[in-house]
Amino acid sequence: MLDIETMGNTPNAAIISIAAVYFNETGTGRSFYKKVSLESYVSLGLEMDPSTVLWWLKQDDAAREEFKTKGDPLYYVLKCLDSFIHKDCRIWGNGASFDNVILENAYGKLKMQVPWKFYHNRCFRTLKNLFPDIKIAENKKKHNALDDAIWQAEYTVEVFKWLYCSTPVITENQ
């Protein structure tokens with residue numbers, strides 16, 4: 001499960017932090033989290049949307065920590081993410097046109113190979129909308145990439161448990 005925090009909502013948005021967590025049908029595993037330096041993404045032409053910057057300024061202190069402390073250069077963070085991701089992983093992001101797409105664009109800006117196959121992209125937002133009755137503890141620290149990635153992975157694990165433990169409904173038309 002990937003989660004990123006950004007300064008915009010377009011494919012060219014500046015990334016301020018990247019997190020990932022491994023999971024399967026039994027639970028979550030290893031995690032990855034790095035902040036990205038402002039200088040590194042501005043120099044690449046990645047964009048900061050004024051309305052998103054203003055939105056961040058209205059968030060609580062914990063959320064604003066995502067961009068208040070110095071991060072690493074984007075190239076370094078993406079190389080670290082490359083090392084973390086197993087090449088045959090399914091890559092889940094929160095939105096079919098958000099996390100994975102923005103990261104793919106950042107890799108492209110740096111002329112780097114995306115470390116997952118395009119057909120391994122998965123959409124957590126779609127899964128969550130298909131299973132709205134799944135109940136897990138609320139994520140207390142919203143807008144922190146790692147906490148969001150862990151919460152999303154835990155939600156997905158609960159969906160998997162429900163799917164694997166449920167008895168299929170068979171209608172007479174089948």
# chains A, B, ... in the order shown; residues from 1 in each chain; ligands from 1
>>> residues_around(residues="segment 39-44 of chain A", least_positions_apart="4", cutoff="8 Å", atoms="only C-alpha atoms", output="ChimeraX atom specification")
/A:14-15,73-74,109-110
>>> closest_atom_pairs(of="segment 47-143 of chain A", to="segment 17-20 of chain A", cutoff="12 Å", atoms="only C-alpha atoms", output="CSV")
residue,atom,partner,partner_atom,distance
A:Ala63,CA,A:Ser17,CA,11.5
A:Arg64,CA,A:Ser17,CA,11.5
A:Glu65,CA,A:Ser17,CA,10.4
A:Glu66,CA,A:Ser17,CA,6.7
A:Phe67,CA,A:Ser17,CA,7.8
A:Lys68,CA,A:Ser17,CA,11.1
A:Thr69,CA,A:Ser17,CA,10.8
A:Lys70,CA,A:Ser17,CA,10.6
A:Gly71,CA,A:Ser17,CA,8.1
A:Asp72,CA,A:Ser17,CA,9.5
A:Pro73,CA,A:Ser17,CA,10.9
A:Leu74,CA,A:Ser17,CA,9.4
A:Tyr76,CA,A:Ile18,CA,11.8
A:Val77,CA,A:Ile18,CA,8.0
A:Leu78,CA,A:Ile18,CA,8.8
A:Lys79,CA,A:Ile18,CA,11.9
A:Cys80,CA,A:Ile18,CA,10.4
A:Leu81,CA,A:Ala20,CA,8.2
A:Asp82,CA,A:Ala20,CA,11.1
A:Ser83,CA,A:Ala20,CA,11.8
A:Phe84,CA,A:Ala20,CA,8.5
A:Ile85,CA,A:Ala20,CA,8.5
A:His86,CA,A:Ala20,CA,11.5
A:Cys89,CA,A:Ala20,CA,11.5
A:Arg90,CA,A:Ala20,CA,11.8
A:Ile91,CA,A:Ala20,CA,9.2
A:Trp92,CA,A:Ala20,CA,9.2
A:Gly93,CA,A:Ala20,CA,9.4
A:Asn94,CA,A:Ala20,CA,11.6
A:Asp99,CA,A:Ile18,CA,9.2
A:Asn100,CA,A:Ile18,CA,10.8
A:Ile102,CA,A:Ile18,CA,10.9
A:Leu103,CA,A:Ile18,CA,8.9
A:Ala106,CA,A:Ile18,CA,11.6
A:His143,CA,A:Ser17,CA,10.0
>>> write_last_selection(atoms="C-alpha atoms", output="PDB file, in the first residue's frame")
ATOM      1  CA  ALA A  63      -0.353  17.027   9.810  1.00  0.00           C
ATOM      2  CA  ARG A  64       1.776  20.081   8.996  1.00  0.00           C
ATOM      3  CA  GLU A  65       4.859  18.196  10.227  1.00  0.00           C
ATOM      4  CA  GLU A  66       4.772  16.406   6.844  1.00  0.00           C
ATOM      5  CA  PHE A  67       6.283  19.471   5.184  1.00  0.00           C
ATOM      6  CA  LYS A  68       7.776  21.503   8.023  1.00  0.00           C
ATOM      7  CA  THR A  69      10.885  19.390   8.525  1.00  0.00           C
ATOM      8  CA  LYS A  70      13.618  18.938   5.951  1.00  0.00           C
ATOM      9  CA  GLY A  71      13.390  15.937   3.683  1.00  0.00           C
ATOM     10  CA  ASP A  72      15.718  14.136   1.318  1.00  0.00           C
ATOM     11  CA  PRO A  73      16.124  14.815  -2.424  1.00  0.00           C
ATOM     12  CA  LEU A  74      13.356  13.206  -4.489  1.00  0.00           C
ATOM     13  CA  TYR A  76      17.234   9.583  -3.302  1.00  0.00           C
ATOM     14  CA  VAL A  77      13.739   8.906  -1.882  1.00  0.00           C
ATOM     15  CA  LEU A  78      12.629   7.197  -5.105  1.00  0.00           C
ATOM     16  CA  LYS A  79      15.822   5.070  -5.171  1.00  0.00           C
ATOM     17  CA  CYS A  80      15.066   4.013  -1.585  1.00  0.00           C
ATOM     18  CA  LEU A  81      11.485   3.178  -2.559  1.00  0.00           C
ATOM     19  CA  ASP A  82      12.866   1.107  -5.477  1.00  0.00           C
ATOM     20  CA  SER A  83      14.901  -0.921  -3.001  1.00  0.00           C
ATOM     21  CA  PHE A  84      11.885  -1.413  -0.739  1.00  0.00           C
ATOM     22  CA  ILE A  85       9.408  -2.574  -3.394  1.00  0.00           C
ATOM     23  CA  HIS A  86       9.449  -6.205  -4.449  1.00  0.00           C
ATOM     24  CA  CYS A  89       4.106  -6.516  -5.858  1.00  0.00           C
ATOM     25  CA  ARG A  90       0.626  -5.252  -6.516  1.00  0.00           C
ATOM     26  CA  ILE A  91       0.819  -1.517  -5.838  1.00  0.00           C
ATOM     27  CA  TRP A  92      -2.216  -0.103  -4.071  1.00  0.00           C
ATOM     28  CA  GLY A  93      -2.776   3.653  -3.935  1.00  0.00           C
ATOM     29  CA  ASN A  94      -5.630   5.798  -2.665  1.00  0.00           C
ATOM     30  CA  ASP A  99      -0.812   8.217  -5.557  1.00  0.00           C
ATOM     31  CA  ASN A 100       0.459   5.794  -8.203  1.00  0.00           C
ATOM     32  CA  ILE A 102       1.820  11.099  -9.254  1.00  0.00           C
ATOM     33  CA  LEU A 103       4.682   8.766  -8.326  1.00  0.00           C
ATOM     34  CA  ALA A 106       7.920  11.834 -10.595  1.00  0.00           C
ATOM     35  CA  HIS A 143      -2.379  13.270   6.469  1.00  0.00           C
TER      36      HIS A 143
END
>>> residues_around(residues="Met7 of chain A", least_positions_apart="4", cutoff="9 Å", atoms="only C-alpha atoms", output="list in words")
Ala13, Ala14, Ile15, Ile16, Glu47, Met48, Asp49, Pro50, Ser51, Thr52, Val53 and Trp56 of chain A
>>> closest_residue(among="A:Ala62, A:Tyr107, A:Leu146, A:Glu5", to="Tyr33 of chain A", atoms="only C-alpha atoms")
A:Leu146
>>> select_by_dssp(residues="segment 23-116 of chain A", states="alpha helix (DSSP H)", output="number ranges by chain")
A: 38-42, 50-57, 61-68, 74-84, 99-109
>>> select_by_dssp(residues="chain A", states="strand (DSSP E or B)", output="PyMOL selection string")
chain A and resi 2-6+13+15-24+27-36+47+72+91-93+121-123
>>> residues_around(residues="segment 128-142 of chain A", least_positions_apart="5", cutoff="8 Å", atoms="only C-alpha atoms", output="JSON, numbers by chain")
{"A": [62, 63, 147, 148, 151, 154, 155, 156, 158, 159]}
